[in-house]
Amino acid sequence: MNIDWTLLITAVGLALVFEGIPYFLFAERMPALLTRLAIQPSKFLRFIGLAAIILGLLVISFGRSLSS
């Protein structure tokens, strides 16, 4: 298995950029949002996590289909 380290590091960096955008743009609102998320049932959080994973896989699949 040959790992493309440049691609992996770029992907991690891009993920950090996307994770940081809400905190930068909505710094005043983030504590309230995180408090609301903290009181949600774990089943709801798992559903949101699964939806994010599926959406991410679809975006990756779409991106890979463009390059081939």
# chains A, B, ... in the order shown; residues from 1 in each chain; ligands from 1

$ select_by_dssp --residues "chain A" --states "helix (DSSP H, G or I)" --output "PyMOL selection string"
chain A and resi 5-25+30-38+42-67

$ residues_around --residues "stretch 51-62 of chain A" --least-positions-apart "6" --cutoff "12 Å" --atoms "only C-alpha atoms" --output "list in words"
Ala11, Ala15, Phe44, Leu45 and Ser68 of chain A

$ atom_distance --atom1 "atom CA of A:Pro22" --atom2 "atom CA of A:Leu34"
11.6 Å
